[in-house]
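Everything below concerns the one structure shown next.
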Amino acid sequence: MNITTLQYVFGTVEIYDNYLITIMHEGITVIPEYNKDLLEISRTYFKNRPFGYISYRKNSYAVDPRVYIETSKIENLMAFAVVSTHEINISNVEIEKIFLKKPFHLFDALSEAKAWVDKMVNEAD
């Protein structure tokens, strides 16, 4: 169940019970400075409990891999999923995985990502 939807300069964040889903704007570059928003979301909506992150890559955009160094420091983040069927995203995920020190998986369907993240979060409880 969607708890709330938040709008940021970089895109939309949908908050659910066990995870959040981001849909980034077309053409942006995700930069480390955006992590402050993710930290605020984790403190506000997932304080002292595990959660997952789903990147729903509907649009084309770039990710500065340094983002994942800071993201890895969020202690209660248990899983990171990417949903995409675009060939370029599939190869980029292999590089991104190197930088994120959390369970990281690529899916071609949002429903599969949600099920995996729910499982990871529930196992962490």
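Identifiers in the structure tokens: chain A, B, ... in order shown; residue index from 1 per chain; ligand index from 1 in order shown.
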Neighbour list for Pro103 of chain A as a list in words, cut-off 8 Å, only C-alpha atoms, skip fewer than 2 positions in-chain: Met78, Ala79, Phe80, Lys101 and His105 of chain A
Surrounding residues of segment 20-36 of chain A excluding itself and chain neighbours under 2 positions, 10 Å, only C-alpha atoms, as a PyMOL selection string: chain A and resi 2-18+38-42+45-46+51-71+74+80-83+110+114+117
Just N, CA and C atoms for this one: save the residues we selected as a compact mmCIF listing (two decimals), in the first residue's frame.
```txt
# COMPACT_ATOMS: atom_id res chain seq x y z
N ASN A 2 0.61 2.16 -0.91
CA ASN A 2 1.37 3.40 -1.03
C ASN A 2 1.02 4.32 0.14
N ILE A 3 2.02 4.68 0.92
CA ILE A 3 1.83 5.56 2.07
C ILE A 3 1.77 7.02 1.60
N THR A 4 2.72 7.40 0.75
CA THR A 4 2.75 8.77 0.23
C THR A 4 3.63 8.81 -1.01
N THR A 5 3.50 9.89 -1.76
CA THR A 5 4.35 10.14 -2.92
C THR A 5 5.01 11.49 -2.74
N LEU A 6 6.32 11.53 -2.93
CA LEU A 6 7.11 12.75 -2.75
C LEU A 6 7.71 13.18 -4.09
N GLN A 7 7.76 14.48 -4.32
CA GLN A 7 8.36 15.02 -5.54
C GLN A 7 9.67 15.72 -5.20
N TYR A 8 10.70 15.41 -5.98
CA TYR A 8 12.01 16.04 -5.79
C TYR A 8 12.49 16.57 -7.13
N VAL A 9 13.57 17.34 -7.12
CA VAL A 9 14.15 17.88 -8.34
C VAL A 9 14.59 16.76 -9.28
N PHE A 10 14.97 15.61 -8.72
CA PHE A 10 15.47 14.50 -9.53
C PHE A 10 14.39 13.52 -9.97
N GLY A 11 13.23 13.54 -9.31
CA GLY A 11 12.17 12.60 -9.69
C GLY A 11 11.15 12.40 -8.59
N THR A 12 10.43 11.29 -8.69
CA THR A 12 9.35 10.94 -7.78
C THR A 12 9.77 9.79 -6.89
N VAL A 13 9.39 9.86 -5.62
CA VAL A 13 9.64 8.77 -4.67
C VAL A 13 8.30 8.34 -4.08
N GLU A 14 7.97 7.09 -4.27
CA GLU A 14 6.75 6.52 -3.70
C GLU A 14 7.16 5.71 -2.47
N ILE A 15 6.51 5.99 -1.34
CA ILE A 15 6.82 5.32 -0.09
C ILE A 15 5.78 4.23 0.17
N TYR A 16 6.24 3.03 0.47
CA TYR A 16 5.39 1.89 0.81
C TYR A 16 5.80 1.38 2.20
N ASP A 17 5.13 0.35 2.70
CA ASP A 17 5.43 -0.16 4.03
C ASP A 17 6.88 -0.61 4.19
N ASN A 18 7.39 -1.41 3.24
CA ASN A 18 8.72 -2.01 3.37
C ASN A 18 9.77 -1.43 2.44
N LEU A 38 17.54 10.90 0.40
CA LEU A 38 17.33 9.49 0.76
C LEU A 38 17.52 9.28 2.26
N LEU A 39 18.51 9.91 2.84
CA LEU A 39 18.73 9.81 4.29
C LEU A 39 17.53 10.35 5.05
N GLU A 40 17.00 11.48 4.61
CA GLU A 40 15.84 12.08 5.27
C GLU A 40 14.62 11.15 5.17
N ILE A 41 14.43 10.56 3.99
CA ILE A 41 13.32 9.62 3.81
C ILE A 41 13.49 8.42 4.73
N SER A 42 14.71 7.89 4.82
CA SER A 42 14.93 6.71 5.67
C SER A 42 14.67 7.03 7.14
N TYR A 45 10.47 7.80 7.32
CA TYR A 45 9.50 6.75 7.04
C TYR A 45 9.93 5.35 7.48
N PHE A 46 11.23 5.15 7.70
CA PHE A 46 11.72 3.81 8.04
C PHE A 46 12.62 3.83 9.27
N PHE A 51 14.36 -1.49 5.41
CA PHE A 51 13.59 -1.14 4.22
C PHE A 51 14.42 -1.45 2.98
N GLY A 52 13.75 -1.40 1.84
CA GLY A 52 14.41 -1.62 0.56
C GLY A 52 14.20 -0.46 -0.38
N TYR A 53 15.03 -0.42 -1.41
CA TYR A 53 15.00 0.65 -2.41
C TYR A 53 14.80 0.00 -3.77
N ILE A 54 13.81 0.49 -4.52
CA ILE A 54 13.57 0.00 -5.87
C ILE A 54 13.72 1.18 -6.83
N SER A 55 14.65 1.04 -7.75
CA SER A 55 14.86 2.05 -8.79
C SER A 55 14.12 1.57 -10.04
N TYR A 56 13.00 2.21 -10.32
CA TYR A 56 12.17 1.84 -11.46
C TYR A 56 12.60 2.72 -12.64
N ARG A 57 13.43 2.15 -13.51
CA ARG A 57 14.08 2.93 -14.56
C ARG A 57 13.23 3.00 -15.84
N LYS A 58 12.18 3.79 -15.75
CA LYS A 58 11.31 4.04 -16.91
C LYS A 58 11.96 5.01 -17.88
N ASN A 59 12.74 5.94 -17.36
CA ASN A 59 13.36 7.00 -18.16
C ASN A 59 14.85 6.76 -18.31
N SER A 60 15.44 7.46 -19.24
CA SER A 60 16.88 7.37 -19.47
C SER A 60 17.58 8.45 -18.66
N TYR A 61 18.56 8.05 -17.86
CA TYR A 61 19.32 9.00 -17.05
C TYR A 61 20.63 8.37 -16.65
N ALA A 62 21.53 9.17 -16.12
CA ALA A 62 22.85 8.69 -15.71
C ALA A 62 22.91 8.63 -14.18
N VAL A 63 23.78 7.75 -13.69
CA VAL A 63 24.01 7.63 -12.25
C VAL A 63 25.50 7.76 -11.99
N ASP A 64 25.86 8.72 -11.16
CA ASP A 64 27.24 8.84 -10.70
C ASP A 64 27.44 7.71 -9.69
N PRO A 65 28.33 6.74 -9.96
CA PRO A 65 28.45 5.59 -9.06
C PRO A 65 28.88 5.94 -7.64
N ARG A 66 29.41 7.14 -7.42
CA ARG A 66 29.76 7.56 -6.06
C ARG A 66 28.54 7.64 -5.16
N VAL A 67 27.35 7.76 -5.77
CA VAL A 67 26.10 7.78 -5.01
C VAL A 67 26.03 6.54 -4.11
N TYR A 68 26.47 5.41 -4.65
CA TYR A 68 26.33 4.14 -3.92
C TYR A 68 27.24 4.03 -2.71
N ILE A 69 28.33 4.78 -2.70
CA ILE A 69 29.22 4.75 -1.54
C ILE A 69 28.48 5.29 -0.32
N GLU A 70 27.77 6.41 -0.51
CA GLU A 70 26.99 6.98 0.59
C GLU A 70 25.75 6.14 0.88
N THR A 71 25.10 5.65 -0.15
CA THR A 71 23.91 4.83 0.04
C THR A 71 24.24 3.59 0.88
N ILE A 74 23.75 3.59 4.77
CA ILE A 74 22.43 3.61 5.41
C ILE A 74 22.20 2.23 6.02
N PHE A 80 18.56 -3.43 -2.57
CA PHE A 80 18.48 -2.43 -3.63
C PHE A 80 18.15 -3.15 -4.92
N ALA A 81 17.02 -2.80 -5.52
CA ALA A 81 16.59 -3.45 -6.76
C ALA A 81 16.48 -2.42 -7.88
N VAL A 82 16.84 -2.85 -9.07
CA VAL A 82 16.68 -2.03 -10.27
C VAL A 82 15.71 -2.77 -11.19
N VAL A 83 14.74 -2.03 -11.71
CA VAL A 83 13.77 -2.59 -12.66
C VAL A 83 13.99 -1.92 -14.00
N LEU A 110 8.45 -4.96 -12.23
CA LEU A 110 8.31 -4.31 -10.93
C LEU A 110 7.78 -5.28 -9.88
N LYS A 114 9.47 -6.01 -6.20
CA LYS A 114 8.73 -5.84 -4.94
C LYS A 114 8.77 -7.10 -4.10
N VAL A 117 12.38 -7.57 -2.65
CA VAL A 117 12.67 -6.59 -1.60
C VAL A 117 11.87 -6.92 -0.34
```
Per-residue DSSP, chain A, filtered to strand (DSSP E), as a ChimeraX atom specification: /A:4-7,11-15,19-24,29-30,51-56,62-63,77-83,104-107
Near-Ser91 of chain A list (12 Å; only C-alpha atoms; drop same-chain fewer than 6 positions) as JSON, numbers by chain: {"A": [82, 84, 85, 97, 106]}
Those same residues - N, CA and C atoms - I'd like them written as a short mmCIF file (atom, residue, chain, number, x, y, z; two decimals), in the first residue's frame.
```
data_model
loop_
_atom_site.label_atom_id
_atom_site.label_comp_id
_atom_site.auth_asym_id
_atom_site.auth_seq_id
_atom_site.Cartn_x
_atom_site.Cartn_y
_atom_site.Cartn_z
N VAL A 82 16.84 -2.85 -9.07
CA VAL A 82 16.68 -2.03 -10.27
C VAL A 82 15.71 -2.77 -11.19
N SER A 84 14.40 -2.73 -14.99
CA SER A 84 14.63 -2.19 -16.32
C SER A 84 14.73 -3.32 -17.34
N THR A 85 14.33 -3.02 -18.56
CA THR A 85 14.52 -3.96 -19.66
C THR A 85 15.41 -3.35 -20.74
N LYS A 97 26.87 -2.28 -9.19
CA LYS A 97 26.97 -3.30 -8.12
C LYS A 97 28.32 -3.24 -7.41
N LEU A 106 18.90 -7.01 -10.32
CA LEU A 106 18.21 -6.43 -11.47
C LEU A 106 16.99 -7.28 -11.82
#
```
Test item, alpha helix (DSSP H) assignment across segment 1-62 of chain A, answer as a list in words: Asn35, Lys36, Asp37, Leu38, Leu39, Glu40, Ile41, Ser42, Arg43, Thr44 and Tyr45 of chain A
Separation of atom CA of Ser72 of chain A from atom CA of Leu100 of chain A, in Å and rounded to one decimal: 5.6 Å
